[in-house]
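Peer 1: I have a structure I would like to understand better, so I am pasting it below and will then ask my questions one at a time.
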Amino acid sequence: MQSDEVNVDGSATNPICAVRRVDALGRIVLPSAMRKMLGIRHGDLLEARLEDGRVVIVKVERECTFCGGRDGLIEMNDKHVCNRCVSGLVERSVADVEARVWSGSLAR
Ligand SMILES: [Zn+2]
């Protein structure tokens with residue numbers, strides 16, 4: 001059994017309730033069974049917030065910076081953009097370059 005599957009008193013962990021000791025940096029380890037149940041993987045973002053004196057931890061779902069979509073995400077500089085928005089940005093960029101070429105304002 002891994003160390004994160006045992007409570008601080010050595011008892012087995014219930015996947016929906018676990019006692020954890022906070023380390024010197026304020027960190028705790030979520031039990032692997034709990035992470036698995038919630039689909040939390042290495043590198044995922046979690047939001048911790050105070051609600052009525054309790055800490056509530058919620059998984060942050062990755063979404064497109066522009067449209068909020070969750071399909072076909074590409075990560076760049078810690079941001080996510082969907083394929084559809086990338087295509088839209090490319091089309092706008094090409095149209096902008098073409099307009100500048102036709103108007104003669106594109107510096108050479
Ligand atoms: Zn998008």
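The way I read the labels, and the way they are meant: chains A, B, ... in the order of the structure tokens, residue 1 as the first residue of every chain, and ligand 1 as the first ligand shown, with later ones counted on from there.
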Excluding same-chain residues fewer than 6 positions from Asp44 in chain A, what lies within 10 Å of it counting only C-alpha atoms, as a ChimeraX atom specification?

Peer 2: /A:59-62

Peer 1: Residues within 9 Å of ligand 1 should be enumerated using only C-alpha atoms and all ligand atoms and returned as a list in words.

Peer 2: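 Within the 9 Å cut-off, the matching residues are Glu63, Cys64, Thr65, Phe66, Cys67, Gly68, Gly69, Arg70, Asp71, Gly72, Leu73, His80, Val81, Cys82, Asn83, Arg84, Cys85, Val86 and Gly88 of chain A.
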
Peer 1: Quick one, how far is CA of Ile57 in chain A from CA of Asp23 in chain A?

Peer 2: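 For CA of Ile57 in chain A relative to CA of Asp23 in chain A, the distance reads 17.4 Å.
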
Peer 1: Enumerate the residues of chain A with a DSSP assignment of strand (DSSP E or B), computed from the backbone, and present them as number ranges by chain.

Peer 2: A: 6, 12, 14, 17, 45-51, 54-60, 73-76, 79-82

Peer 1: Which distance in Å separates CA of Glu75 in chain A and CA of Arg41 in chain A, to one decimal?

Peer 2: 16.2 Å
